[in-house]
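Colleague: First, the structure itself, so that you have it in front of you.
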Amino acid sequence: MKELFTTGEAADICRVSQQTIIRCFDSGRLEGFRVPGSRFRRIPRLNLIKFMRENNIPLDNIESGKKKILIVDDDAEIVELMADVLIRDGRFEIKTASSGYEAGISTQQFRPDLILLDYMLPDINGNVVCQTIRKNPEFENTKIIIVSGVVKQDEIDQLLKSGAEDFIKKPFNIIDLTNKITAVLETK
């Protein structure tokens, strides 16, 4: 279990920007220390937990160590299949949503590391969701993989420009899906 965190690691755990963590550290709201002879800051685990409790930040990210994935798709069978496979994998904590509206609420509350996003939702399309998430600095570290069966190459290119990290076509191979998820989560 990790006992000391950099400001970047603390930002990922708290789901805020690194600048926010630095400001809280520099103002004394988040206690830690500077590495002697450098400008680097370090935050002990207990201090980070105390800070998270004081600011009503859920502790599940520091406690479980599992990556959070939000599955957004209006096809209940696809959602059930993806959720089942990812839960059984054991490395992920899963939440689901069936519309853009639900996805927005879940993103705010659950603060996923990755969103598996259906391109064609009943109330909104993937480009709008990507752009909305990318405009919010709170979610700068949230990764997005678009999942769809009806997207043309120019639409895929536009989705990648809108902020998605990757694309997977339906029907998909479960092994390919988990490999893409793992690869996207490992990139910074």
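Quick note on naming: the chains in the structure tokens go A, B, ... in the order shown, residues restart at 1 in each chain, and ligands are numbered from 1 in order of appearance.
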Contacts of Ile62 of chain A at 10 Å or less, counting only C-alpha atoms, minus same-chain residues fewer than 6 places along, as a ChimeraX atom specification?

Modeller: /A:1-2,10,12-14,45,48-49,52

Colleague: Using the selection just defined, write its residues with C-alpha atoms as a PDB file, in the first residue's frame.

Modeller:
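Just written: result.pdb:
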ATOM      1  CA  MET A   1       0.000   0.000   0.000  1.00  0.00           C
ATOM      2  CA  LYS A   2       1.401   3.362  -1.066  1.00  0.00           C
ATOM      3  CA  ALA A  10      -3.063  13.004  -5.189  1.00  0.00           C
ATOM      4  CA  ASP A  12      -5.773  11.566  -9.709  1.00  0.00           C
ATOM      5  CA  ILE A  13      -7.028  10.064  -6.437  1.00  0.00           C
ATOM      6  CA  CYS A  14      -9.092  13.161  -5.565  1.00  0.00           C
ATOM      7  CA  ARG A  45      -1.354   8.870   2.960  1.00  0.00           C
ATOM      8  CA  LEU A  48      -4.416  12.859   2.030  1.00  0.00           C
ATOM      9  CA  ILE A  49      -7.210  10.819   3.651  1.00  0.00           C
ATOM     10  CA  MET A  52     -10.387  14.015   1.419  1.00  0.00           C
TER      11      MET A  52
END

Colleague: Please give the complete set of residues from segment 8-76 of chain A that DSSP, run on the backbone, assigns to helix (DSSP H, G or I), formatted as a VMD selection string.

Modeller: chain A and resid 8 to 14 18 to 27 45 to 54 60 to 64 76

Colleague: So what do you get for atom CA of Lys152 of chain A versus atom CA of Ala103 of chain A, distance-wise?

Modeller: 23.7 Å

Colleague: Write down as a PDB file with C-alpha atoms, in the first residue's frame the residues of chain A whose backbone DSSP state falls under strand (DSSP E).

Modeller:
ATOM      1  CA  LEU A   4       3.487   8.812   0.051  1.00  0.00           C
ATOM      2  CA  PHE A   5       1.960  10.593  -2.949  1.00  0.00           C
ATOM      3  CA  PHE A  33       6.308  18.337   2.924  1.00  0.00           C
ATOM      4  CA  ARG A  34       8.692  19.515   0.256  1.00  0.00           C
ATOM      5  CA  ARG A  41       5.871  18.241  -2.763  1.00  0.00           C
ATOM      6  CA  ARG A  42       4.920  14.946  -1.111  1.00  0.00           C
ATOM      7  CA  ILE A  43       1.715  14.096   0.699  1.00  0.00           C
ATOM      8  CA  PRO A  44       1.598  11.282   3.293  1.00  0.00           C
ATOM      9  CA  LYS A  67      -9.956   1.815 -11.679  1.00  0.00           C
ATOM     10  CA  LYS A  68     -13.449   3.231 -12.077  1.00  0.00           C
ATOM     11  CA  ILE A  69     -15.245   2.657 -15.363  1.00  0.00           C
ATOM     12  CA  LEU A  70     -18.555   4.216 -16.368  1.00  0.00           C
ATOM     13  CA  ILE A  71     -20.374   2.253 -19.096  1.00  0.00           C
ATOM     14  CA  VAL A  72     -22.776   4.464 -21.062  1.00  0.00           C
ATOM     15  CA  PHE A  92     -12.364  -2.378 -12.121  1.00  0.00           C
ATOM     16  CA  GLU A  93     -15.224  -0.768 -10.252  1.00  0.00           C
ATOM     17  CA  ILE A  94     -18.218  -0.355 -12.577  1.00  0.00           C
ATOM     18  CA  LYS A  95     -21.190   2.012 -12.823  1.00  0.00           C
ATOM     19  CA  THR A  96     -23.613   2.233 -15.744  1.00  0.00           C
ATOM     20  CA  ALA A  97     -25.790   4.840 -17.436  1.00  0.00           C
ATOM     21  CA  LEU A 114     -12.577   5.821 -18.005  1.00  0.00           C
ATOM     22  CA  ILE A 115     -15.905   6.131 -19.796  1.00  0.00           C
ATOM     23  CA  LEU A 116     -17.014   3.480 -22.305  1.00  0.00           C
ATOM     24  CA  LEU A 117     -19.356   5.629 -24.346  1.00  0.00           C
ATOM     25  CA  ASP A 118     -21.896   4.541 -26.936  1.00  0.00           C
ATOM     26  CA  LYS A 143     -10.289   8.722 -20.509  1.00  0.00           C
ATOM     27  CA  ILE A 144     -13.000   8.021 -23.088  1.00  0.00           C
ATOM     28  CA  ILE A 145     -13.404   5.039 -25.414  1.00  0.00           C
ATOM     29  CA  ILE A 146     -16.245   5.291 -27.928  1.00  0.00           C
ATOM     30  CA  VAL A 147     -18.167   2.078 -28.628  1.00  0.00           C
ATOM     31  CA  SER A 148     -20.416   1.929 -31.695  1.00  0.00           C
ATOM     32  CA  ASP A 166      -9.893   5.333 -28.684  1.00  0.00           C
ATOM     33  CA  PHE A 167     -12.730   3.667 -30.567  1.00  0.00           C
ATOM     34  CA  ILE A 168     -14.010   0.089 -30.626  1.00  0.00           C
ATOM     35  CA  LYS A 169     -16.553  -1.203 -33.138  1.00  0.00           C
TER      36      LYS A 169
END

Colleague: For Gly126 of chain A, which of A:Met82, A:Val35, A:Leu159, A:Ile87 is the closest residue, counting only C-alpha atoms?

Modeller: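 When distances to Gly126 of chain A are compared using only C-alpha atoms, the smallest one comes from A:Leu159.
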
Colleague: Calculated over only C-alpha atoms, which of the candidates A:Lys170, A:Glu140, A:Asp73, A:Ile156 has the smallest distance to Pro122 of chain A?

Modeller: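 Checking each candidate against Pro122 of chain A, we get A:Asp73 as the closest.
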
Colleague: Write out as a list in words which residues come within 8 Å of Ser17 of chain A when counting only C-alpha atoms, dropping same-chain ones fewer than 2 positions away.

Modeller: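 Here the answer would be Ala11, Asp12, Arg15, Gln19, Thr20, Ile21, Pro137, Glu138 and Glu140 of chain A.
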
Colleague: Kindly give the distance, in Å, that separates atom CA of Gly90 of chain A and atom CA of Gly8 of chain A, rounded to a single decimal.

Modeller: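 Computed distance, atom CA of Gly90 of chain A to atom CA of Gly8 of chain A, equals 24.9 Å.
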
Colleague: Name all residues at most 12 Å from Glu186 of chain A (count only C-alpha atoms; drop same-chain ones fewer than 2 positions away) and give them as a PyMOL selection string.

Modeller: chain A and resi 67+113-114+141-143+165+179-184+188
